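Enquirer: Pasting query14.txt below, which is compact mmCIF, C-alpha atoms and all ligand atoms.
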```
# COMPACT_ATOMS: atom_id res chain seq x y z
CA MET W 11 115.22 126.42 109.29
CA THR W 12 115.24 124.46 112.54
CA THR W 13 113.89 125.44 115.90
CA LYS W 14 116.35 125.30 118.76
CA LEU W 15 114.10 124.68 121.67
CA ASP W 16 115.65 123.49 124.87
CA ALA W 17 113.54 120.74 126.43
CA GLY W 18 114.56 122.15 129.81
CA ILE W 19 112.94 125.49 129.02
CA SER W 20 109.73 123.79 128.07
CA ARG W 21 109.74 121.73 131.26
CA ARG W 22 110.44 124.78 133.44
CA CYS W 23 107.52 126.61 131.80
CA PHE W 24 105.29 123.64 132.46
CA LEU W 25 106.34 123.47 136.11
CA ALA W 26 105.73 127.18 136.53
CA TYR W 27 102.36 126.73 134.89
CA ALA W 28 101.51 123.77 137.12
CA SER W 29 102.40 125.59 140.29
CA ALA W 30 100.41 128.65 139.20
CA ALA W 31 97.46 126.34 138.61
CA THR W 32 97.84 124.89 142.12
CA THR W 33 97.76 128.39 143.60
CA VAL W 34 94.64 129.18 141.63
CA ALA W 35 93.05 125.96 142.92
CA LEU W 36 93.44 127.12 146.51
CA LEU W 37 91.90 130.48 145.73
CA ALA W 38 89.21 129.60 143.24
CA PRO W 39 88.19 125.95 142.98
CA ARG W 40 85.61 126.66 140.30
CA LYS W 41 88.26 128.16 138.02
CA ILE W 42 90.45 125.11 138.26
CA PHE W 43 87.43 122.93 137.58
CA ALA W 44 86.95 124.83 134.35
CA GLN W 45 90.62 124.30 133.52
CA SER W 46 90.60 120.55 134.10
CA ASP W 47 87.09 119.56 133.03
CA GLY W 48 86.13 122.27 130.56
CA LEU W 49 85.64 122.21 126.83
CA VAL W 50 89.26 121.44 126.03
CA GLN W 51 89.55 118.27 128.13
CA THR W 52 86.09 117.13 127.10
CA ALA W 53 86.97 117.61 123.43
CA ARG W 54 90.20 115.64 123.83
CA LYS W 55 88.40 112.80 125.60
CA SER W 56 85.57 112.57 123.09
CA ALA W 57 88.03 112.62 120.16
CA ALA W 58 89.71 109.49 121.47
CA ALA W 59 86.37 107.69 121.21
CA ALA W 60 85.30 109.26 117.91
CA THR W 61 85.01 107.52 114.57
CA VAL W 62 87.51 108.73 111.97
CA THR W 63 86.41 108.41 108.36
CA ALA W 64 88.43 108.84 105.17
CA GLN W 65 86.76 110.49 102.15
CA LYS W 66 88.45 110.49 98.73
CA LEU W 67 88.18 113.87 97.01
CA ARG W 68 90.13 114.36 93.77
CA GLY W 69 93.64 113.92 92.39
CA ASN W 70 94.78 111.54 95.14
CA VAL W 71 93.73 113.97 97.93
CA SER W 72 91.57 112.58 100.75
CA VAL W 73 90.14 114.09 103.91
CA LEU W 74 89.95 112.49 107.36
CA MET W 75 87.04 113.61 109.50
CA GLY W 76 86.14 113.03 113.14
CA ALA W 77 89.48 113.56 114.91
CA GLY W 78 89.27 117.33 115.51
CA GLY W 79 89.69 119.67 112.54
CA ASN W 80 89.42 118.18 109.05
CA ILE W 81 92.71 116.57 107.97
CA ALA W 82 93.65 116.59 104.27
CA VAL W 83 95.98 113.81 103.11
CA LEU W 84 98.15 113.67 99.98
CA PRO W 85 100.09 110.40 99.67
CA GLY W 86 102.93 109.89 97.19
CA ARG W 87 106.57 109.10 96.56
CA ASP W 88 107.77 111.80 98.98
CA GLY W 89 105.68 110.33 101.81
CA LYS W 90 102.28 111.51 102.97
CA LEU W 91 101.54 115.20 103.39
CA LEU W 92 98.94 116.02 106.05
CA ILE W 93 97.11 119.29 106.49
CA ASP W 94 96.45 119.46 110.25
CA ALA W 95 97.06 116.86 112.91
CA GLY W 96 93.80 116.41 114.83
CA PHE W 97 93.72 115.29 118.46
CA ALA W 98 96.56 113.22 119.87
CA GLY W 99 94.03 110.82 121.43
CA ALA W 100 92.77 109.92 117.96
CA ARG W 101 96.24 108.63 116.95
CA PRO W 102 95.22 104.94 116.61
CA LYS W 103 92.22 105.84 114.47
CA ILE W 104 94.13 108.36 112.37
CA THR W 105 96.89 105.77 111.89
CA SER W 106 94.47 103.15 110.57
CA ALA W 107 92.64 105.68 108.39
CA LEU W 108 96.01 106.72 106.90
CA ALA W 109 96.91 103.07 106.32
CA SER W 110 93.63 102.61 104.41
CA ILE W 111 94.81 105.32 101.97
CA SER W 112 98.35 103.98 101.36
CA SER W 113 101.22 102.35 103.19
CA GLY W 114 103.71 105.24 102.94
CA PRO W 115 104.95 107.13 106.01
CA VAL W 116 103.84 110.66 106.96
CA LYS W 117 106.71 112.98 106.02
CA HIS W 118 105.10 116.42 105.93
CA LEU W 119 102.60 118.20 108.17
CA ILE W 120 101.17 121.67 107.65
CA ASN W 121 99.10 123.33 110.40
CA THR W 122 96.32 125.67 109.21
CA HIS W 123 96.56 127.51 112.57
CA TRP W 124 97.66 126.94 116.15
CA HIS W 125 94.44 125.61 117.80
CA PHE W 126 94.70 122.32 119.69
CA ASP W 127 92.11 120.49 117.59
CA HIS W 128 94.46 121.03 114.61
CA THR W 129 97.88 120.67 116.32
CA ASP W 130 97.38 118.28 119.25
CA GLY W 131 98.75 115.44 117.10
CA ASN W 132 101.86 117.38 116.03
CA GLU W 133 104.15 115.64 118.49
CA TRP W 134 103.33 112.06 117.54
CA LEU W 135 103.37 112.87 113.82
CA HIS W 136 106.78 114.53 114.23
CA SER W 137 108.04 111.50 116.14
CA ALA W 138 106.77 109.34 113.26
CA GLY W 139 108.90 111.36 110.83
CA ALA W 140 106.87 114.42 109.78
CA ALA W 141 108.49 117.83 109.32
CA ILE W 142 106.04 120.54 110.45
CA LEU W 143 105.37 123.76 108.54
CA ALA W 144 103.04 126.60 109.66
CA HIS W 145 102.61 130.33 109.94
CA ALA W 146 105.07 132.08 112.29
CA ASN W 147 102.27 132.86 114.77
CA THR W 148 101.42 129.16 115.06
CA ARG W 149 104.97 128.54 116.24
CA LYS W 150 104.72 131.53 118.58
CA HIS W 151 101.53 130.30 120.25
CA LEU W 152 102.67 126.67 120.48
CA SER W 153 105.99 127.78 121.99
CA ASN W 154 104.42 129.85 124.76
CA ALA W 155 101.65 129.44 127.32
CA THR W 156 98.60 130.77 125.48
CA ARG W 157 95.24 131.64 126.98
CA VAL W 158 91.95 131.23 125.07
CA GLU W 159 89.28 133.11 127.01
CA GLY W 160 86.51 131.63 124.88
CA TRP W 161 87.49 128.15 126.15
CA SER W 162 88.47 129.27 129.68
CA PHE W 163 91.76 127.47 129.15
CA THR W 164 95.46 128.27 129.19
CA PHE W 165 97.50 125.96 126.99
CA PRO W 166 101.00 125.27 128.33
CA PRO W 167 103.89 125.47 125.84
CA SER W 168 103.83 122.46 123.52
CA PRO W 169 106.64 119.89 123.71
CA PRO W 170 109.58 120.65 121.36
CA GLY W 171 108.59 117.93 118.86
CA ALA W 172 105.19 119.61 118.34
CA ILE W 173 106.68 122.99 117.37
CA PRO W 174 106.79 123.71 113.61
CA GLY W 175 110.40 123.50 112.43
CA GLU W 176 109.70 125.75 109.45
CA VAL W 177 107.48 128.83 109.36
CA PHE W 178 106.56 131.62 106.97
CA ASP W 179 104.93 135.04 107.22
CA ASP W 180 102.93 135.72 104.06
CA GLU W 181 103.07 133.13 101.26
CA TRP W 182 104.86 129.83 100.77
CA THR W 183 104.97 127.13 98.11
CA VAL W 184 105.65 123.44 98.69
CA GLU W 185 106.50 121.02 95.87
CA VAL W 186 105.65 117.53 97.05
CA ASN W 187 104.48 114.28 95.47
CA GLY W 188 104.62 115.85 92.03
CA THR W 189 102.20 118.65 92.88
CA THR W 190 102.38 122.25 94.00
CA ILE W 191 100.82 123.30 97.31
CA ALA W 192 100.32 127.06 97.68
CA LEU W 193 100.03 128.45 101.22
CA LYS W 194 98.79 131.93 102.05
CA TYR W 195 98.38 133.85 105.30
CA TYR W 196 94.96 135.46 105.79
CA GLY W 197 96.02 138.10 108.28
CA PRO W 198 94.08 138.05 111.57
CA ALA W 199 90.82 136.11 110.99
CA HIS W 200 89.76 133.19 113.23
CA THR W 201 93.13 133.62 115.05
CA ASP W 202 96.27 135.50 114.02
CA SER W 203 97.82 132.35 112.54
CA ASP W 204 95.36 131.18 109.84
CA ILE W 205 96.58 130.06 106.43
CA SER W 206 94.88 128.62 103.36
CA VAL W 207 96.29 125.59 101.56
CA HIS W 208 95.65 125.19 97.82
CA PHE W 209 96.38 121.85 96.18
CA THR W 210 96.82 123.51 92.80
CA ASN W 211 96.77 120.37 90.61
CA ALA W 212 93.68 118.81 92.21
CA ASP W 213 92.19 122.31 92.73
CA ILE W 214 91.28 121.60 96.35
CA PHE W 215 91.31 124.47 98.82
CA HIS W 216 91.70 123.80 102.58
CA VAL W 217 90.67 127.01 104.32
CA GLY W 218 91.08 125.90 107.95
CA ASP W 219 88.82 127.46 110.54
CA THR W 220 87.99 130.53 108.47
CA PHE W 221 85.10 128.33 107.25
CA TRP W 222 82.84 126.10 109.37
CA ASN W 223 80.43 124.41 107.00
CA GLY W 224 77.04 124.05 108.68
CA TYR W 225 78.13 125.10 112.18
CA TYR W 226 78.51 128.51 113.75
CA PRO W 227 82.22 129.28 113.95
CA PHE W 228 84.31 129.96 117.02
CA ILE W 229 86.22 133.23 116.82
CA ASP W 230 89.30 133.39 119.04
CA TYR W 231 89.66 137.01 120.11
CA SER W 232 92.40 135.99 122.60
CA THR W 233 94.85 135.29 119.77
CA GLY W 234 93.85 137.92 117.24
CA GLY W 235 90.57 136.67 115.77
CA SER W 236 87.54 138.91 115.16
CA ILE W 237 84.25 138.87 113.26
CA ASP W 238 85.62 141.45 110.83
CA GLY W 239 88.73 139.32 110.29
CA MET W 240 86.52 136.27 109.66
CA ILE W 241 84.51 138.24 107.09
CA ARG W 242 87.70 139.49 105.38
CA ALA W 243 89.04 135.92 105.20
CA THR W 244 85.73 134.67 103.81
CA GLU W 245 85.75 137.40 101.14
CA ALA W 246 89.30 136.32 100.26
CA ASN W 247 88.12 132.71 99.99
CA LEU W 248 85.25 133.77 97.73
CA ALA W 249 87.60 135.81 95.53
CA LYS W 250 89.71 132.69 95.04
CA VAL W 251 87.09 129.93 94.76
CA THR W 252 85.82 128.77 91.35
CA ASP W 253 82.73 126.77 90.40
CA THR W 254 84.75 123.57 90.23
CA MET W 255 86.99 124.01 93.28
CA ILE W 256 86.54 121.64 96.23
CA VAL W 257 86.61 123.50 99.57
CA ILE W 258 87.69 121.75 102.78
CA PRO W 259 86.45 123.68 105.83
CA GLY W 260 88.12 123.41 109.25
CA HIS W 261 84.93 121.77 110.53
CA GLY W 262 81.89 120.34 108.77
CA ALA W 263 81.37 118.65 105.43
CA VAL W 264 83.50 119.29 102.35
CA GLY W 265 81.91 122.19 100.48
CA ASP W 266 81.98 124.43 97.46
CA LYS W 267 81.57 127.99 96.26
CA SER W 268 77.83 128.23 96.95
CA GLN W 269 78.27 127.10 100.56
CA LEU W 270 81.06 129.61 101.07
CA ALA W 271 78.79 132.35 99.70
CA PHE W 272 75.98 131.32 102.05
CA TYR W 273 78.42 131.41 104.98
CA ARG W 274 79.64 134.89 103.98
CA ASP W 275 76.03 136.16 103.93
CA LEU W 276 75.41 134.55 107.32
CA LEU W 277 78.47 136.25 108.88
CA VAL W 278 77.78 139.63 107.28
CA GLY W 279 74.03 139.54 108.04
CA THR W 280 74.50 138.59 111.70
CA ARG W 281 77.24 141.18 112.13
CA GLU W 282 74.99 143.93 110.74
CA LYS W 283 72.07 143.00 113.00
CA VAL W 284 74.16 142.68 116.15
CA ALA W 285 75.99 145.97 115.43
CA ALA W 286 72.69 147.82 114.88
CA LEU W 287 71.22 146.51 118.15
CA LYS W 288 74.40 147.30 120.07
CA LYS W 289 74.36 150.83 118.64
CA GLN W 290 70.80 151.23 119.96
CA GLY W 291 72.21 150.56 123.42
CA LYS W 292 70.88 147.02 123.79
CA SER W 293 72.67 144.77 126.26
CA PHE W 294 74.16 141.44 125.24
CA ASP W 295 71.23 139.55 126.81
CA GLU W 296 68.72 141.77 124.99
CA ILE W 297 70.53 141.13 121.70
CA VAL W 298 70.51 137.36 122.27
CA ALA W 299 66.76 137.58 123.04
CA ALA W 300 66.23 139.48 119.76
CA LYS W 301 67.58 136.40 117.88
CA PRO W 302 69.62 138.18 115.19
CA SER W 303 70.64 134.81 113.69
CA ALA W 304 67.17 133.23 113.90
CA ALA W 305 67.10 132.23 110.22
CA THR W 306 70.05 129.85 110.63
CA ASP W 307 69.90 128.87 114.31
CA ALA W 308 68.01 125.60 113.83
CA LYS W 309 70.57 124.27 111.35
CA TRP W 310 73.81 126.02 112.37
CA GLY W 311 73.40 126.35 116.12
CA ASN W 312 73.53 122.68 117.07
CA GLY W 313 77.24 122.14 116.73
CA PHE W 314 80.27 123.35 118.65
CA ARG W 315 78.82 126.83 119.11
CA SER W 316 75.27 127.65 120.16
CA PRO W 317 73.47 130.69 118.74
CA LYS W 318 74.31 132.53 121.99
CA ASP W 319 78.01 131.62 121.70
CA PHE W 320 78.09 132.86 118.12
CA ILE W 321 76.28 136.12 118.94
CA GLY W 322 78.77 136.58 121.78
CA ASP W 323 81.66 136.26 119.34
CA VAL W 324 80.07 138.80 116.99
CA PHE W 325 79.10 141.14 119.87
CA GLN W 326 82.73 141.36 121.04
CA GLY W 327 83.87 142.72 117.71
CA VAL W 328 81.27 145.33 116.73
ZN ZN B 1 90.44 126.88 115.32
```
Could you spell out this file's structure in structure tokens?
Expert:
Amino acid sequence: MTTKLDAGISRRCFLAYASAATTVALLAPRKIFAQSDGLVQTARKSAAAATVTAQKLRGNVSVLMGAGGNIAVLPGRDGKLLIDAGFAGARPKITSALASISSGPVKHLINTHWHFDHTDGNEWLHSAGAAILAHANTRKHLSNATRVEGWSFTFPPSPPGAIPGEVFDDEWTVEVNGTTIALKYYGPAHTDSDISVHFTNADIFHVGDTFWNGYYPFIDYSTGGSIDGMIRATEANLAKVTDTMIVIPGHGAVGDKSQLAFYRDLLVGTREKVAALKKQGKSFDEIVAAKPSAATDAKWGNGFRSPKDFIGDVFQGV
């Protein structure tokens, strides 16, 4: 199945978006400051300067870290398969990390969900020869201007080359490089486009941003995420994981069953505490002051999301 996206449509959308942004600038300079110098631009800039490392896992599968979300790589006779694309600015570093694994071209790219730190590199990878596969909602969000309130940013429609050419709704299987890759939609979790990717032969499970190993997660309510959806996805991950399975999170170190179980308890425990305080009529600031995630703040609150950010994401959904 091929997408038939007219480049003209994309350009018109971008122009409309640009002129809307100009209008906003005249009315609210601080808002446009957030748009141009907020988290999204900062993340893109810092990714270009980041170090990208390649870690060998099992059965010829490696993971690249440092260029946005964790990128799984399976080289082979059908060309490399990548799970997620990282930031476009990290292209030179991703290219050399891929070359350190093998010399073959990238032929297949699967996006775990639509977020920019996992799809920003779609366009260059497509131009280098990769066919892109994702959940239908990833294509929907990349094809349209999409607002993420949690990042104070509206993403313009992606260029046609970045849009997945093939999508699925529930489950999908890919046979590539002599192995079977099983894809499954979570339902709304971190966004409404999250899928898991199981390398069945190597028994490696890439769970995208349903799992942040060692960092509080971001939950994107703007595109269908919620704390309850995150917990449901984590329960699904735990129902699938075995003692020997290797788990690749969207962010953080490669993990296993025990780390997934710890993360489930963290999500469930924080949700229960925040919900109880909210039910008592406490305000958001009072709940933050009560430190419902105190036990994990020192370790988990120093990454992309502070304890307050995380409590905010839980608070919205209870
Ligand atoms: Zn994400």
Enquirer: Taking (73.5, 141.8, 124.1) as a centre in this file's frame and 10 Å as the limit, can you find every polymer residue with an atom that close, using all atoms listed in the file, and give them as a PDB file with C-alpha atoms, in the coordinates of the input?
Expert:
```pdb
ATOM      1  CA  VAL W 284      74.160 142.680 116.150  1.00  0.00           C
ATOM      2  CA  ALA W 285      75.990 145.970 115.430  1.00  0.00           C
ATOM      3  CA  LEU W 287      71.220 146.510 118.150  1.00  0.00           C
ATOM      4  CA  LYS W 288      74.400 147.300 120.070  1.00  0.00           C
ATOM      5  CA  GLY W 291      72.210 150.560 123.420  1.00  0.00           C
ATOM      6  CA  LYS W 292      70.880 147.020 123.790  1.00  0.00           C
ATOM      7  CA  SER W 293      72.670 144.770 126.260  1.00  0.00           C
ATOM      8  CA  PHE W 294      74.160 141.440 125.240  1.00  0.00           C
ATOM      9  CA  ASP W 295      71.230 139.550 126.810  1.00  0.00           C
ATOM     10  CA  GLU W 296      68.720 141.770 124.990  1.00  0.00           C
ATOM     11  CA  ILE W 297      70.530 141.130 121.700  1.00  0.00           C
ATOM     12  CA  VAL W 298      70.510 137.360 122.270  1.00  0.00           C
ATOM     13  CA  ALA W 299      66.760 137.580 123.040  1.00  0.00           C
ATOM     14  CA  ALA W 300      66.230 139.480 119.760  1.00  0.00           C
ATOM     15  CA  LYS W 318      74.310 132.530 121.990  1.00  0.00           C
ATOM     16  CA  ILE W 321      76.280 136.120 118.940  1.00  0.00           C
ATOM     17  CA  GLY W 322      78.770 136.580 121.780  1.00  0.00           C
ATOM     18  CA  PHE W 325      79.100 141.140 119.870  1.00  0.00           C
ATOM     19  CA  GLN W 326      82.730 141.360 121.040  1.00  0.00           C
TER      20      GLN W 326
END
```
Enquirer: Would you tabulate, counting all atoms listed in the file, all residues of chain W that have an atom at most 8 Å from an atom of ligand ZN 1 (chain B), showing the closest pair of atoms and their distance in Å to one decimal, sorted by chain then ascending number, as CSV?
Expert:
```
residue,atom,partner,partner_atom,distance
W:Gly79,CA,B:ZN1,ZN,7.8
W:His123,CA,B:ZN1,ZN,6.7
W:Trp124,CA,B:ZN1,ZN,7.3
W:His125,CA,B:ZN1,ZN,4.9
W:Phe126,CA,B:ZN1,ZN,7.6
W:Asp127,CA,B:ZN1,ZN,7.0
W:His128,CA,B:ZN1,ZN,7.1
W:His200,CA,B:ZN1,ZN,6.7
W:Thr201,CA,B:ZN1,ZN,7.3
W:Gly218,CA,B:ZN1,ZN,7.5
W:Asp219,CA,B:ZN1,ZN,5.1
W:Phe228,CA,B:ZN1,ZN,7.1
W:Ile229,CA,B:ZN1,ZN,7.8
W:Asp230,CA,B:ZN1,ZN,7.6
W:Gly260,CA,B:ZN1,ZN,7.4
```
Enquirer: Mind dumping the selected residues with C-alpha atoms as a PDB file, in the coordinates of the input?
Expert:
```
ATOM      1  CA  GLY W  79      89.690 119.670 112.540  1.00  0.00           C
ATOM      2  CA  HIS W 123      96.560 127.510 112.570  1.00  0.00           C
ATOM      3  CA  TRP W 124      97.660 126.940 116.150  1.00  0.00           C
ATOM      4  CA  HIS W 125      94.440 125.610 117.800  1.00  0.00           C
ATOM      5  CA  PHE W 126      94.700 122.320 119.690  1.00  0.00           C
ATOM      6  CA  ASP W 127      92.110 120.490 117.590  1.00  0.00           C
ATOM      7  CA  HIS W 128      94.460 121.030 114.610  1.00  0.00           C
ATOM      8  CA  HIS W 200      89.760 133.190 113.230  1.00  0.00           C
ATOM      9  CA  THR W 201      93.130 133.620 115.050  1.00  0.00           C
ATOM     10  CA  GLY W 218      91.080 125.900 107.950  1.00  0.00           C
ATOM     11  CA  ASP W 219      88.820 127.460 110.540  1.00  0.00           C
ATOM     12  CA  PHE W 228      84.310 129.960 117.020  1.00  0.00           C
ATOM     13  CA  ILE W 229      86.220 133.230 116.820  1.00  0.00           C
ATOM     14  CA  ASP W 230      89.300 133.390 119.040  1.00  0.00           C
ATOM     15  CA  GLY W 260      88.120 123.410 109.250  1.00  0.00           C
TER      16      GLY W 260
END
```
Enquirer: Between CA of Tyr273 in chain W and CA of Ser303 in chain W, measure the distance and give it in Å to one decimal.
Expert: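 Computing the Euclidean distance for CA of Tyr273 in chain W and CA of Ser303 in chain W yields 12.2 Å.
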Enquirer: With all atoms listed in the file as the atoms that count, which of W:Thr233, W:Thr306, W:Asn312, W:Ser268 lies nearest to Glu159 in chain W?
Expert: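 Ranking W:Thr233, W:Thr306, W:Asn312, W:Ser268 by distance to Glu159 in chain W, first place goes to W:Thr233.
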Enquirer: Which residue gives the smallest distance to Gly235 in chain W among W:Pro302, W:Pro169, W:Gly265, W:Gly327, with all atoms listed in the file counted?
Expert: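 For Gly235 in chain W, the nearest of the given residues is W:Gly327.
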Enquirer: Which of these, W:Asp266, W:Asp130, W:Asp213, W:Asp275, has the shortest distance to Ser168 in chain W once you count all atoms listed in the file?
Expert: W:Asp130
Enquirer: CA of Lys250 in chain W and CA of Phe221 in chain W are how many Å apart?
Expert: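 Computing it gives 13.8 Å between the two atoms.
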Enquirer: As an exercise, work out the distance from CA of Gly96 in chain W to CA of Asn80 in chain W in Å and give it to one decimal place.
Expert: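 Calculated distance between CA of Gly96 in chain W and CA of Asn80 in chain W is 7.5 Å.
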Enquirer: What would the file be for range 136-161 of chain W if you keep N, CA and C atoms and write it as an mmCIF file, in the first residue's frame?
Expert:
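Contents of selection11.cif, freshly written:
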```cif
data_model
loop_
_atom_site.group_PDB
_atom_site.id
_atom_site.type_symbol
_atom_site.label_atom_id
_atom_site.label_comp_id
_atom_site.auth_asym_id
_atom_site.auth_seq_id
_atom_site.Cartn_x
_atom_site.Cartn_y
_atom_site.Cartn_z
ATOM 1 N N HIS W 136 14.172 7.229 4.443
ATOM 2 C CA HIS W 136 13.381 6.895 3.250
ATOM 3 C C HIS W 136 14.161 7.250 1.984
ATOM 4 N N SER W 137 14.797 8.418 2.006
ATOM 5 C CA SER W 137 15.570 8.832 0.827
ATOM 6 C C SER W 137 16.766 7.911 0.596
ATOM 7 N N ALA W 138 17.232 7.266 1.678
ATOM 8 C CA ALA W 138 18.346 6.313 1.557
ATOM 9 C C ALA W 138 17.861 4.920 1.169
ATOM 10 N N GLY W 139 16.534 4.743 1.018
ATOM 11 C CA GLY W 139 16.022 3.474 0.516
ATOM 12 C C GLY W 139 15.131 2.682 1.448
ATOM 13 N N ALA W 140 14.772 3.245 2.609
ATOM 14 C CA ALA W 140 13.963 2.492 3.575
ATOM 15 C C ALA W 140 12.469 2.655 3.315
ATOM 16 N N ALA W 141 11.747 1.542 3.291
ATOM 17 C CA ALA W 141 10.286 1.562 3.290
ATOM 18 C C ALA W 141 9.841 1.686 4.747
ATOM 19 N N ILE W 142 8.833 2.526 5.015
ATOM 20 C CA ILE W 142 8.446 2.817 6.404
ATOM 21 C C ILE W 142 7.097 2.171 6.732
ATOM 22 N N LEU W 143 7.076 1.483 7.859
ATOM 23 C CA LEU W 143 5.873 0.783 8.340
ATOM 24 C C LEU W 143 5.560 1.279 9.755
ATOM 25 N N ALA W 144 4.270 1.488 10.047
ATOM 26 C CA ALA W 144 3.876 1.989 11.378
ATOM 27 C C ALA W 144 2.395 1.729 11.602
ATOM 28 N N HIS W 145 1.932 2.104 12.788
ATOM 29 C CA HIS W 145 0.497 2.057 13.045
ATOM 30 C C HIS W 145 -0.208 3.166 12.255
ATOM 31 N N ALA W 146 -1.469 2.945 11.927
ATOM 32 C CA ALA W 146 -2.232 3.914 11.125
ATOM 33 C C ALA W 146 -2.243 5.303 11.766
ATOM 34 N N ASN W 147 -2.259 5.363 13.112
ATOM 35 C CA ASN W 147 -2.305 6.686 13.757
ATOM 36 C C ASN W 147 -0.975 7.429 13.663
ATOM 37 N N THR W 148 0.123 6.691 13.492
ATOM 38 C CA THR W 148 1.405 7.361 13.237
ATOM 39 C C THR W 148 1.320 8.090 11.901
ATOM 40 N N ARG W 149 0.807 7.411 10.886
ATOM 41 C CA ARG W 149 0.658 8.090 9.588
ATOM 42 C C ARG W 149 -0.291 9.292 9.713
ATOM 43 N N LYS W 150 -1.368 9.110 10.453
ATOM 44 C CA LYS W 150 -2.331 10.214 10.621
ATOM 45 C C LYS W 150 -1.653 11.430 11.242
ATOM 46 N N HIS W 151 -0.910 11.241 12.329
ATOM 47 C CA HIS W 151 -0.295 12.390 13.004
ATOM 48 C C HIS W 151 0.833 13.009 12.176
ATOM 49 N N LEU W 152 1.600 12.174 11.468
ATOM 50 C CA LEU W 152 2.685 12.731 10.657
ATOM 51 C C LEU W 152 2.146 13.438 9.416
ATOM 52 N N SER W 153 0.943 13.081 9.005
ATOM 53 C CA SER W 153 0.363 13.689 7.792
ATOM 54 C C SER W 153 -0.325 15.019 8.070
ATOM 55 N N ASN W 154 -0.610 15.282 9.331
ATOM 56 C CA ASN W 154 -1.364 16.487 9.697
ATOM 57 C C ASN W 154 -0.587 17.312 10.720
ATOM 58 N N ALA W 155 -0.900 18.598 10.796
ATOM 59 C CA ALA W 155 -0.353 19.425 11.875
ATOM 60 C C ALA W 155 -0.859 18.839 13.189
ATOM 61 N N THR W 156 0.034 18.584 14.116
ATOM 62 C CA THR W 156 -0.354 17.915 15.366
ATOM 63 C C THR W 156 0.253 18.654 16.554
ATOM 64 N N ARG W 157 -0.614 19.043 17.458
ATOM 65 C CA ARG W 157 -0.215 19.784 18.650
ATOM 66 C C ARG W 157 0.102 18.832 19.802
ATOM 67 N N VAL W 158 1.210 19.079 20.511
ATOM 68 C CA VAL W 158 1.487 18.370 21.765
ATOM 69 C C VAL W 158 1.536 19.423 22.864
ATOM 70 N N GLU W 159 0.479 19.489 23.653
ATOM 71 C CA GLU W 159 0.399 20.516 24.713
ATOM 72 C C GLU W 159 1.552 20.369 25.700
ATOM 73 N N GLY W 160 1.911 19.136 26.018
ATOM 74 C CA GLY W 160 2.963 18.891 27.002
ATOM 75 C C GLY W 160 4.318 19.451 26.573
ATOM 76 N N TRP W 161 4.500 19.683 25.266
ATOM 77 C CA TRP W 161 5.739 20.268 24.753
ATOM 78 C C TRP W 161 5.525 21.677 24.229
#
```
